[in-house]
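> Before I ask anything, let me first share the structure, which is written out below as structure tokens.
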Amino acid sequence: MHSFGYRLNGLLTFSVTILAIMCAIASLSDNLNSRSPSAEIQVMNINWFQKQPQANDEVSLTMNISADLQSLFTWNTKQLFIFVAAEYDTPKNSLNQVSLWDAIIPAKVHAKFWIHTSNKYRFVDQGKYLRGKKFNLTLHWHVMPKTGKMFADKIVLTGYSFPEEYR
């Protein structure tokens, strides 16, 4: 009837089809979990706020970051990529985003944390528009699943402002 090659091909095709269906069901079932992450960021100190020789503003902040992101972990979560960004507007741009700090959370046990840190990356604005400017600190996260589509979300924390004068 059919040769060994045809039978093996049929078996492998069937197996891969079942595996693809199981991955799709697993990915869709992950959407049924309720997520309720929380975060708080306190600006403890503005270490310096200065004008660079090229007339750009540069800021260094010390922050306390506390977050509980354990609800983002499910059986399908491989890891989380998180970062804190400062967001503000200037006359040149309606939205400016500067990444201040980031981390990779590999497991649920590490997803509830408190950290005292300075900005990991330079906070430089193209211009001299930051004096007295209000800004938001936003905690962004990207959930990297074992199978399925990656998704992202954020928590926006408001009420921060730069000093009126350079230090």
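Quick note on naming: the chains in the structure tokens go A, B, ... in the order shown, residues restart at 1 in each chain, and ligands are numbered from 1 in order of appearance.
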Taking a cut-off of 6 Å and counting only C-alpha atoms, can you build a table that, for each residue of range 115-155 of chain A near range 99-110 of chain A, reports the nearest atom pair and how far apart they are in Å (one decimal), sorted by chain then residue number, as a Markdown table?

```
| residue | atom | partner | partner_atom | distance |
| --- | --- | --- | --- | --- |
| A:Asn119 | CA | A:Leu100 | CA | 4.7 |
| A:Lys120 | CA | A:Trp101 | CA | 5.0 |
| A:Tyr121 | CA | A:Leu100 | CA | 5.2 |
```
> Pull the alpha helix (DSSP H) assignments for chain A out of DSSP run on the backbone, and list those residues as a list in words.
Phe4, Gly5, Tyr6, Arg7, Leu8, Asn9, Gly10, Leu11, Leu12, Thr13, Phe14, Ser15, Val16, Thr17, Ile18, Leu19, Ala20, Ile21, Met22, Cys23, Ala24, Ile25, Ala26, Ser27, Leu28 and Ser29 of chain A
> Counting only C-alpha atoms, which residue out of A:Met144, A:Ile41, A:Val59, A:Ile46 sits closest to Thr158 in chain A?
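Among A:Met144, A:Ile41, A:Val59, A:Ile46, it is A:Ile41 that comes nearest to Thr158 in chain A.
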> Which residue gives the smallest distance to Lys128 in chain A among A:Tyr160, A:Phe81, A:Trp141, A:Phe49, with only C-alpha atoms counted?
A:Phe49
> What lies within 10 Å of Asn33 in chain A using only C-alpha atoms, ignoring chain neighbours under 3 positions off, as a short mmCIF file (atom, residue, chain, number, x, y, z; two decimals) with all heavy atoms, in the first residue's frame?

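Saved as around.cif:
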```
data_model
loop_
_atom_site.label_atom_id
_atom_site.label_comp_id
_atom_site.auth_asym_id
_atom_site.auth_seq_id
_atom_site.Cartn_x
_atom_site.Cartn_y
_atom_site.Cartn_z
N SER A 29 -5.81 30.45 26.52
CA SER A 29 -6.25 30.26 27.91
C SER A 29 -5.51 31.20 28.86
O SER A 29 -6.00 31.51 29.94
CB SER A 29 -6.05 28.81 28.34
OG SER A 29 -4.67 28.53 28.50
N ASP A 30 -4.34 31.67 28.48
CA ASP A 30 -3.58 32.60 29.30
C ASP A 30 -4.30 33.95 29.44
O ASP A 30 -4.09 34.67 30.41
CB ASP A 30 -2.19 32.79 28.70
CG ASP A 30 -1.20 33.33 29.70
OD1 ASP A 30 -1.37 33.07 30.90
OD2 ASP A 30 -0.26 34.02 29.28
N SER A 36 -3.39 42.31 38.02
CA SER A 36 -3.57 43.50 38.85
C SER A 36 -2.21 43.96 39.40
O SER A 36 -1.98 43.92 40.61
CB SER A 36 -4.54 43.21 39.99
OG SER A 36 -4.06 42.11 40.74
N SER A 71 1.16 39.18 39.66
CA SER A 71 -0.05 38.77 38.94
C SER A 71 0.17 38.67 37.43
O SER A 71 -0.65 38.09 36.72
CB SER A 71 -1.19 39.74 39.23
OG SER A 71 -0.89 41.03 38.72
N LEU A 72 1.28 39.20 36.93
CA LEU A 72 1.59 39.09 35.50
C LEU A 72 2.18 37.72 35.15
O LEU A 72 2.21 37.34 33.99
CB LEU A 72 2.57 40.18 35.08
CG LEU A 72 2.08 41.61 35.24
CD1 LEU A 72 3.20 42.60 34.94
CD2 LEU A 72 0.88 41.88 34.36
N PHE A 73 2.63 36.99 36.17
CA PHE A 73 3.21 35.67 35.93
C PHE A 73 2.12 34.61 35.95
O PHE A 73 1.33 34.53 36.88
CB PHE A 73 4.27 35.34 36.98
CG PHE A 73 5.62 35.87 36.63
CD1 PHE A 73 5.99 37.15 37.01
CD2 PHE A 73 6.53 35.11 35.92
CE1 PHE A 73 7.23 37.65 36.70
CE2 PHE A 73 7.78 35.60 35.59
CZ PHE A 73 8.13 36.88 35.98
N THR A 74 2.08 33.83 34.90
CA THR A 74 1.19 32.67 34.81
C THR A 74 2.06 31.47 34.43
O THR A 74 3.28 31.60 34.30
CB THR A 74 0.10 32.88 33.75
OG1 THR A 74 0.72 32.96 32.45
CG2 THR A 74 -0.71 34.14 34.02
#
```
